[in-house]
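Engineer: Input file: data-v2.txt. Contents: compact mmCIF, C-alpha atoms.
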```
# COMPACT_ATOMS: atom_id res chain seq x y z
CA MET M 1 -17.64 -15.43 -14.59
CA ASN M 2 -16.83 -11.82 -13.83
CA PHE M 3 -13.54 -10.13 -14.77
CA LEU M 4 -11.79 -11.06 -11.50
CA GLU M 5 -12.90 -14.70 -11.60
CA GLU M 6 -11.64 -14.88 -15.18
CA ARG M 7 -8.29 -13.42 -14.17
CA ILE M 8 -7.93 -15.79 -11.20
CA THR M 9 -8.75 -18.72 -13.48
CA LYS M 10 -6.10 -17.55 -15.94
CA ASP M 11 -3.27 -16.43 -13.62
CA GLY M 12 -4.03 -17.73 -10.13
CA ILE M 13 -1.95 -20.68 -8.96
CA VAL M 14 -3.48 -23.41 -6.80
CA LYS M 15 -1.12 -25.12 -4.39
CA GLU M 16 -1.55 -28.00 -1.96
CA GLY M 17 -3.14 -27.01 1.35
CA ASN M 18 -5.85 -24.83 -0.20
CA ILE M 19 -3.37 -22.11 -1.06
CA LEU M 20 -4.29 -19.74 -3.87
CA LYS M 21 -1.48 -17.53 -5.16
CA VAL M 22 -2.58 -14.32 -6.83
CA ASP M 23 0.71 -12.52 -6.28
CA SER M 24 1.29 -11.83 -9.96
CA PHE M 25 -1.69 -9.47 -10.20
CA ILE M 26 -3.21 -8.62 -6.78
CA ASN M 27 -0.45 -8.63 -4.20
CA HIS M 28 3.32 -8.28 -4.53
CA GLN M 29 2.80 -7.41 -8.20
CA MET M 30 -0.38 -5.41 -8.75
CA ASP M 31 -2.14 -4.99 -12.10
CA THR M 32 -3.37 -1.44 -11.57
CA GLU M 33 -5.79 -1.67 -14.50
CA LEU M 34 -7.42 -4.65 -12.80
CA LEU M 35 -7.44 -2.78 -9.48
CA ASP M 36 -9.20 0.08 -11.26
CA MET M 37 -11.89 -2.32 -12.50
CA MET M 38 -12.26 -3.63 -8.96
CA GLY M 39 -12.62 -0.07 -7.66
CA ALA M 40 -15.35 0.64 -10.20
CA GLU M 41 -17.17 -2.55 -9.22
CA PHE M 42 -17.03 -1.69 -5.50
CA LYS M 43 -18.41 1.75 -6.37
CA ARG M 44 -21.28 0.07 -8.23
CA ARG M 45 -22.05 -2.35 -5.39
CA PHE M 46 -21.96 0.34 -2.69
CA SER M 47 -23.50 3.09 -4.84
CA ASP M 48 -26.37 3.66 -2.36
CA LYS M 49 -24.00 4.21 0.58
CA ASN M 50 -22.70 7.53 1.80
CA ILE M 51 -19.00 6.72 2.27
CA ASN M 52 -16.42 9.31 3.32
CA LYS M 53 -13.44 7.12 4.23
CA ILE M 54 -11.87 3.86 3.17
CA LEU M 55 -10.12 1.78 5.81
CA THR M 56 -7.67 -1.00 4.98
CA ILE M 57 -4.73 -2.80 6.54
CA GLU M 58 -1.09 -2.91 5.51
CA ALA M 59 0.41 -3.99 3.26
CA SER M 60 -1.44 -5.70 0.42
CA GLY M 61 -4.77 -3.95 1.03
CA ILE M 62 -3.33 -0.50 0.39
CA GLY M 63 -3.15 -0.65 -3.40
CA ILE M 64 -6.74 -1.80 -3.88
CA ALA M 65 -7.95 0.69 -1.25
CA CYS M 66 -6.21 3.67 -2.86
CA ILE M 67 -7.42 2.96 -6.37
CA THR M 68 -10.92 2.20 -5.06
CA ALA M 69 -10.82 5.53 -3.19
CA MET M 70 -10.35 7.32 -6.51
CA HIS M 71 -13.84 6.08 -7.45
CA PHE M 72 -15.37 7.16 -4.13
CA LYS M 73 -13.35 10.41 -3.93
CA THR M 74 -12.39 9.70 -0.32
CA PRO M 75 -9.17 9.46 1.66
CA VAL M 76 -7.75 6.09 2.72
CA VAL M 77 -6.57 5.18 6.20
CA PHE M 78 -4.48 2.08 6.58
CA ALA M 79 -4.25 0.22 9.87
CA LYS M 80 -0.80 -0.80 10.96
CA LYS M 81 0.15 -4.22 12.25
CA SER M 82 2.15 -4.16 15.43
CA GLN M 83 3.49 -6.82 17.72
CA SER M 84 3.45 -4.53 20.73
CA ILE M 85 0.56 -2.74 22.37
CA ASN M 86 0.76 1.02 22.10
CA ILE M 87 -0.51 2.42 25.36
CA ASP M 88 -0.07 6.13 24.78
CA GLY M 89 -3.81 6.56 24.27
CA GLU M 90 -3.40 8.13 20.86
CA VAL M 91 -4.40 5.04 18.90
CA TYR M 92 -7.24 2.60 18.60
CA CYS M 93 -5.85 -0.88 19.06
CA ALA M 94 -7.43 -4.25 18.43
CA GLU M 95 -5.85 -7.46 19.59
CA VAL M 96 -6.36 -10.12 16.97
CA GLU M 97 -5.72 -13.79 17.50
CA SER M 98 -4.74 -15.58 14.35
CA PHE M 99 -6.52 -18.91 13.94
CA THR M 100 -4.04 -19.88 11.23
CA HIS M 101 -0.78 -18.81 12.83
CA LYS M 102 -1.76 -19.38 16.47
CA ASN M 103 -0.34 -16.02 17.48
CA THR M 104 -1.63 -12.62 18.52
CA ASN M 105 -1.22 -9.44 16.52
CA HIS M 106 -2.27 -5.89 17.14
CA VAL M 107 -3.97 -3.66 14.62
CA ILE M 108 -3.53 0.06 15.22
CA VAL M 109 -5.13 3.25 13.85
CA SER M 110 -4.41 6.76 15.06
CA LYS M 111 -7.39 8.37 16.79
CA LYS M 112 -6.79 11.45 14.63
CA PHE M 113 -7.99 9.65 11.51
CA LEU M 114 -11.17 7.83 12.56
CA ASN M 115 -14.13 9.10 14.55
CA ARG M 116 -17.91 8.97 14.99
CA ASP M 117 -18.53 11.17 11.96
CA ASP M 118 -16.93 8.66 9.63
CA HIS M 119 -18.86 6.40 7.27
CA VAL M 120 -16.38 3.71 6.44
CA LEU M 121 -15.92 1.24 3.63
CA ILE M 122 -13.44 -1.45 4.69
CA ILE M 123 -11.36 -2.85 1.80
CA ASP M 124 -8.95 -5.76 1.81
CA ASP M 125 -7.47 -8.16 -0.70
CA PHE M 126 -8.22 -11.49 1.00
CA LEU M 127 -10.79 -12.90 3.40
CA ALA M 128 -10.29 -16.37 4.84
CA ASN M 129 -10.76 -16.73 8.59
CA GLY M 130 -11.34 -13.01 8.87
CA CYS M 131 -9.06 -12.22 11.79
CA ALA M 132 -7.66 -9.00 10.34
CA LEU M 133 -11.14 -7.90 9.31
CA GLN M 134 -12.48 -8.52 12.82
CA GLY M 135 -9.74 -6.21 14.10
CA LEU M 136 -10.74 -3.47 11.65
CA ILE M 137 -14.41 -3.80 12.66
CA SER M 138 -13.42 -3.62 16.32
CA ILE M 139 -11.47 -0.42 15.66
CA CYS M 140 -14.40 1.19 13.82
CA ASN M 141 -16.65 0.30 16.75
CA GLU M 142 -14.16 1.74 19.22
CA ALA M 143 -14.05 4.95 17.15
CA GLY M 144 -17.83 5.10 16.90
CA ALA M 145 -17.53 5.14 13.12
CA SER M 146 -20.30 3.63 10.96
CA ILE M 147 -19.33 0.67 8.82
CA GLU M 148 -21.20 1.11 5.56
CA GLY M 149 -19.79 -1.99 3.94
CA ILE M 150 -16.89 -4.31 3.40
CA GLY M 151 -15.29 -4.95 0.01
CA ILE M 152 -12.99 -7.92 -0.54
CA ALA M 153 -11.19 -9.00 -3.68
CA VAL M 154 -10.96 -12.73 -3.03
CA GLU M 155 -12.91 -14.62 -0.37
CA LYS M 156 -12.14 -18.21 0.49
CA GLY M 157 -15.74 -19.35 0.84
CA PHE M 158 -14.75 -22.65 2.44
CA GLN M 159 -13.24 -20.84 5.42
CA PRO M 160 -15.52 -19.24 8.02
CA GLY M 161 -14.59 -15.53 7.79
CA GLY M 162 -17.19 -14.49 5.23
CA GLN M 163 -20.08 -16.27 6.93
CA ILE M 164 -19.22 -14.72 10.31
CA ILE M 165 -19.18 -11.22 8.81
CA ARG M 166 -22.49 -11.77 6.98
CA ASN M 167 -24.03 -13.25 10.15
CA LEU M 168 -23.05 -10.03 11.93
CA GLY M 169 -25.23 -8.15 9.42
CA TYR M 170 -22.60 -6.33 7.41
CA GLN M 171 -22.90 -5.83 3.67
CA LEU M 172 -19.91 -7.88 2.57
CA GLU M 173 -19.13 -7.81 -1.14
CA SER M 174 -16.45 -10.20 -2.32
CA LEU M 175 -15.66 -9.87 -6.01
CA ALA M 176 -14.66 -13.53 -6.23
CA ILE M 177 -15.69 -16.25 -3.77
CA VAL M 178 -13.66 -19.43 -4.08
CA ASP M 179 -15.68 -22.41 -2.87
CA GLY M 180 -13.12 -25.05 -3.71
CA MET M 181 -9.77 -25.73 -5.29
CA ASP M 182 -8.07 -28.82 -6.63
CA ALA M 183 -4.29 -28.52 -6.65
CA SER M 184 -3.81 -31.68 -8.70
CA LYS M 185 -5.91 -30.26 -11.55
CA GLY M 186 -5.20 -26.61 -10.84
CA SER M 187 -8.95 -26.02 -10.90
CA ILE M 188 -10.93 -23.42 -8.96
CA THR M 189 -14.67 -23.44 -8.24
CA PHE M 190 -16.34 -20.06 -7.74
CA ARG M 191 -19.59 -19.44 -5.92
CA GLU M 192 -22.41 -18.20 -8.16
CA GLN M 193 -23.20 -14.57 -7.30
CA MET O 1 5.56 26.73 -3.96
CA ASN O 2 4.10 23.75 -5.76
CA PHE O 3 0.93 21.93 -4.63
CA LEU O 4 2.78 19.51 -2.36
CA GLU O 5 4.91 22.19 -0.69
CA GLU O 6 1.73 24.17 -0.07
CA ARG O 7 0.04 21.15 1.48
CA ILE O 8 3.06 20.35 3.67
CA THR O 9 3.13 23.99 4.82
CA LYS O 10 -0.58 23.79 5.67
CA ASP O 11 -0.89 20.32 7.22
CA GLY O 12 2.62 19.05 7.96
CA ILE O 13 3.67 19.07 11.60
CA VAL O 14 7.25 19.87 12.60
CA LYS O 15 8.51 18.20 15.76
CA GLU O 16 11.77 18.44 17.67
CA GLY O 17 14.58 16.32 16.23
CA ASN O 18 13.93 17.28 12.60
CA ILE O 19 10.79 15.18 12.47
CA LEU O 20 8.19 16.10 9.85
CA LYS O 21 4.80 14.44 10.26
CA VAL O 22 2.74 14.17 7.08
CA ASP O 23 0.61 11.28 8.31
CA SER O 24 -2.68 13.13 7.83
CA PHE O 25 -2.32 13.22 4.04
CA ILE O 26 0.59 11.07 2.76
CA ASN O 27 1.01 8.11 5.06
CA HIS O 28 -1.37 6.45 7.53
CA GLN O 29 -4.14 8.67 6.12
CA MET O 30 -3.75 9.28 2.40
CA ASP O 31 -5.42 12.07 0.45
CA THR O 32 -5.97 10.19 -2.79
CA GLU O 33 -6.72 13.38 -4.73
CA LEU O 34 -3.29 14.71 -3.69
CA LEU O 35 -1.71 11.36 -4.58
CA ASP O 36 -3.33 11.66 -8.01
CA MET O 37 -1.76 15.10 -8.48
CA MET O 38 1.60 13.63 -7.45
CA GLY O 39 1.17 10.82 -9.98
CA ALA O 40 0.44 13.33 -12.74
CA GLU O 41 3.53 15.35 -11.78
CA PHE O 42 5.77 12.26 -11.82
CA LYS O 43 4.37 11.43 -15.26
CA ARG O 44 5.27 14.95 -16.42
CA ARG O 45 8.80 14.76 -15.00
CA PHE O 46 9.53 11.33 -16.47
CA SER O 47 7.57 11.84 -19.69
CA ASP O 48 10.62 11.09 -21.86
CA LYS O 49 11.25 7.75 -20.19
CA ASN O 50 9.97 4.40 -21.36
CA ILE O 51 8.72 2.91 -18.08
CA ASN O 52 6.99 -0.46 -17.85
CA LYS O 53 7.04 -1.11 -14.10
CA ILE O 54 6.87 0.83 -10.85
CA LEU O 55 8.78 -0.51 -7.88
CA THR O 56 8.11 0.60 -4.31
CA ILE O 57 8.48 -0.72 -0.78
CA GLU O 58 5.86 -1.54 1.80
CA ALA O 59 3.89 -0.05 3.38
CA SER O 60 3.57 3.69 2.88
CA GLY O 61 5.01 3.73 -0.66
CA ILE O 62 2.27 1.50 -2.04
CA GLY O 63 -0.52 4.09 -2.23
CA ILE O 64 1.55 6.67 -4.13
CA ALA O 65 2.99 3.97 -6.37
CA CYS O 66 -0.41 2.53 -7.32
CA ILE O 67 -2.00 5.88 -8.12
CA THR O 68 1.14 6.97 -10.01
CA ALA O 69 0.98 3.71 -11.96
CA MET O 70 -2.47 4.71 -13.22
CA HIS O 71 -0.75 7.61 -15.01
CA PHE O 72 1.97 5.39 -16.47
CA LYS O 73 -0.39 2.47 -17.20
CA THR O 74 2.04 0.01 -15.61
CA PRO O 75 1.87 -2.61 -12.88
CA VAL O 76 3.37 -1.99 -9.45
CA VAL O 77 5.69 -4.34 -7.58
CA PHE O 78 6.22 -3.70 -3.90
CA ALA O 79 9.30 -4.94 -2.08
CA LYS O 80 8.71 -6.61 1.25
CA LYS O 81 10.64 -5.91 4.39
CA SER O 82 11.86 -8.98 6.18
CA GLN O 83 13.99 -9.57 9.21
CA SER O 84 15.17 -12.94 7.99
CA ILE O 85 17.07 -13.85 4.86
CA ASN O 86 15.13 -15.96 2.41
CA ILE O 87 17.57 -18.43 0.89
CA ASP O 88 15.28 -20.42 -1.38
CA GLY O 89 16.68 -18.64 -4.42
CA GLU O 90 13.30 -17.43 -5.60
CA VAL O 91 13.78 -13.86 -4.43
CA TYR O 92 16.15 -10.96 -4.87
CA CYS O 93 17.29 -9.86 -1.45
CA ALA O 94 19.15 -6.74 -0.38
CA GLU O 95 20.58 -6.35 3.09
CA VAL O 96 20.08 -2.79 4.23
CA GLU O 97 21.76 -1.29 7.26
CA SER O 98 19.73 1.48 8.80
CA PHE O 99 21.84 4.49 9.72
CA THR O 100 18.98 5.81 11.86
CA HIS O 101 17.96 2.67 13.69
CA LYS O 102 21.36 0.96 13.78
CA ASN O 103 19.87 -2.33 12.65
CA THR O 104 19.82 -4.47 9.53
CA ASN O 105 16.76 -5.15 7.43
CA HIS O 106 16.20 -7.19 4.34
CA VAL O 107 14.30 -6.04 1.30
CA ILE O 108 12.86 -8.80 -0.85
CA VAL O 109 11.31 -9.04 -4.32
CA SER O 110 10.26 -12.24 -6.05
CA LYS O 111 12.37 -13.04 -9.11
CA LYS O 112 9.14 -13.66 -11.00
CA PHE O 113 8.31 -9.94 -11.01
CA LEU O 114 11.54 -8.18 -11.97
CA ASN O 115 14.00 -8.97 -14.74
CA ARG O 116 16.38 -7.54 -17.34
CA ASP O 117 13.54 -6.51 -19.63
CA ASP O 118 12.11 -4.14 -17.03
CA HIS O 119 12.42 -0.36 -17.19
CA VAL O 120 11.69 0.68 -13.65
CA LEU O 121 10.51 3.85 -11.96
CA ILE O 122 11.16 3.61 -8.22
CA ILE O 123 8.58 5.46 -6.10
CA ASP O 124 8.60 6.11 -2.35
CA ASP O 125 7.05 8.57 0.05
CA PHE O 126 10.16 9.69 1.96
CA LEU O 127 13.88 10.01 1.32
CA ALA O 128 16.19 10.84 4.21
CA ASN O 129 19.32 8.72 4.55
CA GLY O 130 18.17 6.60 1.64
CA CYS O 131 18.74 3.15 3.08
CA ALA O 132 15.52 1.63 1.76
CA LEU O 133 16.14 3.22 -1.64
CA GLN O 134 19.65 1.80 -1.79
CA GLY O 135 18.11 -1.63 -1.21
CA LEU O 136 15.66 -1.13 -4.09
CA ILE O 137 18.47 -0.02 -6.41
CA SER O 138 20.52 -3.05 -5.39
CA ILE O 139 17.60 -5.33 -6.21
CA CYS O 140 17.10 -3.72 -9.65
CA ASN O 141 20.81 -4.20 -10.35
CA GLU O 142 20.65 -7.83 -9.23
CA ALA O 143 17.68 -8.36 -11.56
CA GLY O 144 19.44 -6.61 -14.45
CA ALA O 145 16.51 -4.18 -14.69
CA SER O 146 17.08 -0.62 -15.93
CA ILE O 147 16.33 2.15 -13.45
CA GLU O 148 14.74 4.94 -15.50
CA GLY O 149 14.21 7.23 -12.54
CA ILE O 150 13.31 7.66 -8.92
CA GLY O 151 10.30 9.65 -7.73
CA ILE O 152 9.99 10.73 -4.10
CA ALA O 153 7.22 12.71 -2.42
CA VAL O 154 9.23 14.36 0.36
CA GLU O 155 13.02 14.52 0.52
CA LYS O 156 14.83 15.70 3.61
CA GLY O 157 17.49 17.72 1.84
CA PHE O 158 19.59 18.13 4.97
CA GLN O 159 20.14 14.36 5.18
CA PRO O 160 22.53 12.68 2.74
CA GLY O 161 20.22 10.24 0.87
CA GLY O 162 19.31 12.54 -2.01
CA GLN O 163 22.84 13.69 -2.71
CA ILE O 164 24.15 10.11 -2.73
CA ILE O 165 21.50 9.05 -5.25
CA ARG O 166 22.18 12.08 -7.50
CA ASN O 167 25.94 11.46 -7.25
CA LEU O 168 25.27 7.95 -8.52
CA GLY O 169 23.78 9.51 -11.65
CA TYR O 170 20.13 8.64 -11.21
CA GLN O 171 17.35 11.04 -12.21
CA LEU O 172 15.88 11.66 -8.79
CA GLU O 173 12.75 13.80 -8.69
CA SER O 174 11.53 14.82 -5.25
CA LEU O 175 8.28 16.78 -5.34
CA ALA O 176 9.23 18.63 -2.15
CA ILE O 177 12.75 19.01 -0.78
CA VAL O 178 12.85 20.19 2.82
CA ASP O 179 16.12 22.02 3.51
CA GLY O 180 15.32 23.01 7.07
CA MET O 181 12.70 23.00 9.78
CA ASP O 182 12.18 24.97 12.95
CA ALA O 183 10.05 23.15 15.50
CA SER O 184 9.70 26.19 17.76
CA LYS O 185 8.10 28.21 14.95
CA GLY O 186 6.63 25.25 13.05
CA SER O 187 8.32 26.61 9.93
CA ILE O 188 9.64 24.64 6.95
CA THR O 189 12.14 25.82 4.34
CA PHE O 190 11.90 24.24 0.90
CA ARG O 191 14.67 24.08 -1.68
CA GLU O 192 13.98 26.12 -4.83
CA GLN O 193 13.41 23.73 -7.75
```
The structure in this file should be written as structure tokens.

Structural biologist:
Amino acid sequence: MNFLEERITKDGIVKEGNILKVDSFINHQMDTELLDMMGAEFKRRFSDKNINKILTIEASGIGIACITAMHFKTPVVFAKKSQSINIDGEVYCAEVESFTHKNTNHVIVSKKFLNRDDHVLIIDDFLANGCALQGLISICNEAGASIEGIGIAVEKGFQPGGQIIRNLGYQLESLAIVDGMDASKGSITFREQ
Amino acid sequence: MNFLEERITKDGIVKEGNILKVDSFINHQMDTELLDMMGAEFKRRFSDKNINKILTIEASGIGIACITAMHFKTPVVFAKKSQSINIDGEVYCAEVESFTHKNTNHVIVSKKFLNRDDHVLIIDDFLANGCALQGLISICNEAGASIEGIGIAVEKGFQPGGQIIRNLGYQLESLAIVDGMDASKGSITFREQ
């Protein structure tokens, strides 16, 4: 097991309905030393890529993205979630349908901060069905930016998001891939990497 | 001028209505090298304090808080904004009336992540009327946590938030205090510190 799998095993909480709570160290409360280790690991996995910008989405992606950016020496842009469509032409906007929540959200990035010269690493804390991530990819495509890779802390391997992204040909690196959980035992099965 | 005042002078945009846009380097797009300098400066200004936790509020406070936390070697907790009151008893909740927007928001922190043993540094990107900050102080008080200080990137010195917080006796350190702006000239006047 790597350092993140060990930490999830120790402090993650499995709940009924395939819910994995990591809010004591990844979101809500963030162990910045752990985030720093994650940043170093992303740097290692994307060491051959020429990355000049990290893109994430509010709110829980921002911490990991910022500390990861210290390793890449790049700025971070975070996409904003919005319930309304901004039609002033100054933003890229992706409409994202949530499979889980059966609603539609909008993901917005100012055109000032993403363009065809950018080589982007997308960072987020969780990947399950991948709706938010699809919105970020759509925005990069709209901007003409190159997506050099995607770094995720925790992927739920039994939900389709990761497979879709890999099928699309992106280099997706998830530091921990959870293939199964048992709430009655509190056990978590990780995919061998 | 310090490094942040210089950067605001160079890249900040003054708009009519006393609006200062710093979204190319502090929020939306974040210059992580600048955030690192801000973290080091907060560490210098609160060097005599025994701080074990940094508290901020989503979304734009999270980046500064996480990189500052690297200097203090502490975890970060971010408060969530919510339009509804959570009454399950598992969270601290402050009701915050916005002077600017004439509406009421709720600021929420899980009881698991803040308690009477905590010595908290509150970090946020902006201080104007101070409504969000008042909510964070209220939550620390509810938790019985000690507030060791408050670190702000940009304070609008011509709005009352900063004075209220200083009147209350807190050590408030704002890296840049804007005392006036002139949109027609694009000029910004900083308070001498």

Engineer: Any idea what's packed within 12 Å of Leu121 (chain M), counting all atoms listed in the file, ignoring anything in its chain fewer than 5 positions away? Could you give it as a CSV table (one decimal) with C-alpha atoms, keeping the file's coordinate frame?

Structural biologist:
```
chain,number,residue,atom,x,y,z
M,39,GLY,CA,-12.6,-0.1,-7.7
M,42,PHE,CA,-17.0,-1.7,-5.5
M,43,LYS,CA,-18.4,1.8,-6.4
M,45,ARG,CA,-22.0,-2.4,-5.4
M,46,PHE,CA,-22.0,0.3,-2.7
M,47,SER,CA,-23.5,3.1,-4.8
M,49,LYS,CA,-24.0,4.2,0.6
M,50,ASN,CA,-22.7,7.5,1.8
M,51,ILE,CA,-19.0,6.7,2.3
M,52,ASN,CA,-16.4,9.3,3.3
M,53,LYS,CA,-13.4,7.1,4.2
M,54,ILE,CA,-11.9,3.9,3.2
M,55,LEU,CA,-10.1,1.8,5.8
M,56,THR,CA,-7.7,-1.0,5.0
M,65,ALA,CA,-8.0,0.7,-1.2
M,66,CYS,CA,-6.2,3.7,-2.9
M,68,THR,CA,-10.9,2.2,-5.1
M,69,ALA,CA,-10.8,5.5,-3.2
M,72,PHE,CA,-15.4,7.2,-4.1
M,74,THR,CA,-12.4,9.7,-0.3
M,75,PRO,CA,-9.2,9.5,1.7
M,76,VAL,CA,-7.8,6.1,2.7
M,77,VAL,CA,-6.6,5.2,6.2
M,78,PHE,CA,-4.5,2.1,6.6
M,133,LEU,CA,-11.1,-7.9,9.3
M,136,LEU,CA,-10.7,-3.5,11.6
M,137,ILE,CA,-14.4,-3.8,12.7
M,140,CYS,CA,-14.4,1.2,13.8
M,145,ALA,CA,-17.5,5.1,13.1
M,146,SER,CA,-20.3,3.6,11.0
M,147,ILE,CA,-19.3,0.7,8.8
M,148,GLU,CA,-21.2,1.1,5.6
M,149,GLY,CA,-19.8,-2.0,3.9
M,150,ILE,CA,-16.9,-4.3,3.4
M,151,GLY,CA,-15.3,-5.0,0.0
M,152,ILE,CA,-13.0,-7.9,-0.5
M,170,TYR,CA,-22.6,-6.3,7.4
M,171,GLN,CA,-22.9,-5.8,3.7
M,172,LEU,CA,-19.9,-7.9,2.6
M,173,GLU,CA,-19.1,-7.8,-1.1
```

Engineer: Compare O:Ile62, O:Ile108, O:Cys131, O:Leu175 by their minimum atom-to-atom distance to chain M, counting all atoms listed in the file, and give me the closest one.

Structural biologist: O:Ile62

Engineer: How close does each residue of chain O get to chain M, giving the shortest atom pair and distance in Å to one decimal for every residue with an atom at most 9 Å away, counting only C-alpha atoms, sorted by chain and residue number, as CSV?

Structural biologist:
```
residue,atom,partner,partner_atom,distance
O:Ser24,CA,M:Phe113,CA,7.3
O:Phe25,CA,M:Pro75,CA,8.2
O:Asn27,CA,M:Val77,CA,8.2
O:His28,CA,M:Phe78,CA,5.4
O:Gln29,CA,M:Val77,CA,4.3
O:Met30,CA,M:Val76,CA,5.1
O:Asp31,CA,M:Pro75,CA,4.7
O:Thr32,CA,M:Pro75,CA,5.5
O:Glu33,CA,M:Met70,CA,7.3
O:Asp36,CA,M:Met70,CA,8.4
O:Glu58,CA,M:Ala59,CA,6.2
O:Ala59,CA,M:Ala59,CA,5.3
O:Ser60,CA,M:Ala59,CA,8.3
O:Ile62,CA,M:Gly63,CA,6.0
O:Gly63,CA,M:Gly63,CA,5.5
O:Ile64,CA,M:Cys66,CA,8.4
O:Ala65,CA,M:Gly63,CA,8.2
O:Cys66,CA,M:Gly63,CA,5.7
O:Ile67,CA,M:Ile67,CA,6.4
O:Ala69,CA,M:Thr32,CA,6.8
O:Met70,CA,M:Thr32,CA,6.4
O:Lys73,CA,M:Glu33,CA,7.3
O:Thr74,CA,M:Thr32,CA,6.9
O:Pro75,CA,M:Asp31,CA,4.7
O:Val76,CA,M:Met30,CA,5.1
O:Val77,CA,M:Gln29,CA,4.3
O:Phe78,CA,M:His28,CA,5.5
O:Ala79,CA,M:His28,CA,7.3
O:Lys80,CA,M:His28,CA,8.1
O:Val109,CA,M:His28,CA,8.0
O:Ser110,CA,M:His28,CA,8.1
O:Lys112,CA,M:Ser24,CA,8.1
O:Phe113,CA,M:Gln29,CA,6.7
```

Engineer: Can you work out the spacing between CA of Gly144 (chain O) and CA of Val22 (chain M) in Å, to one decimal?

Structural biologist: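 Computing it gives 24.5 Å between the two atoms.
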
Engineer: If I put a ball of radius 6 Å at (11.6, -15.1, -5.5) in the file's coordinates, which residues poke into it when counting only C-alpha atoms, written as a VMD selection string?

Structural biologist: chain O and resid 90 to 91 110 to 111

Engineer: Counting only C-alpha atoms, which residue out of M:His71, M:Lys185, M:Lys81, M:Arg7 sits closest to Val96 (chain M)?

Structural biologist: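 Of M:His71, M:Lys185, M:Lys81, M:Arg7, the one nearest Val96 (chain M), counting only C-alpha atoms, is M:Lys81.
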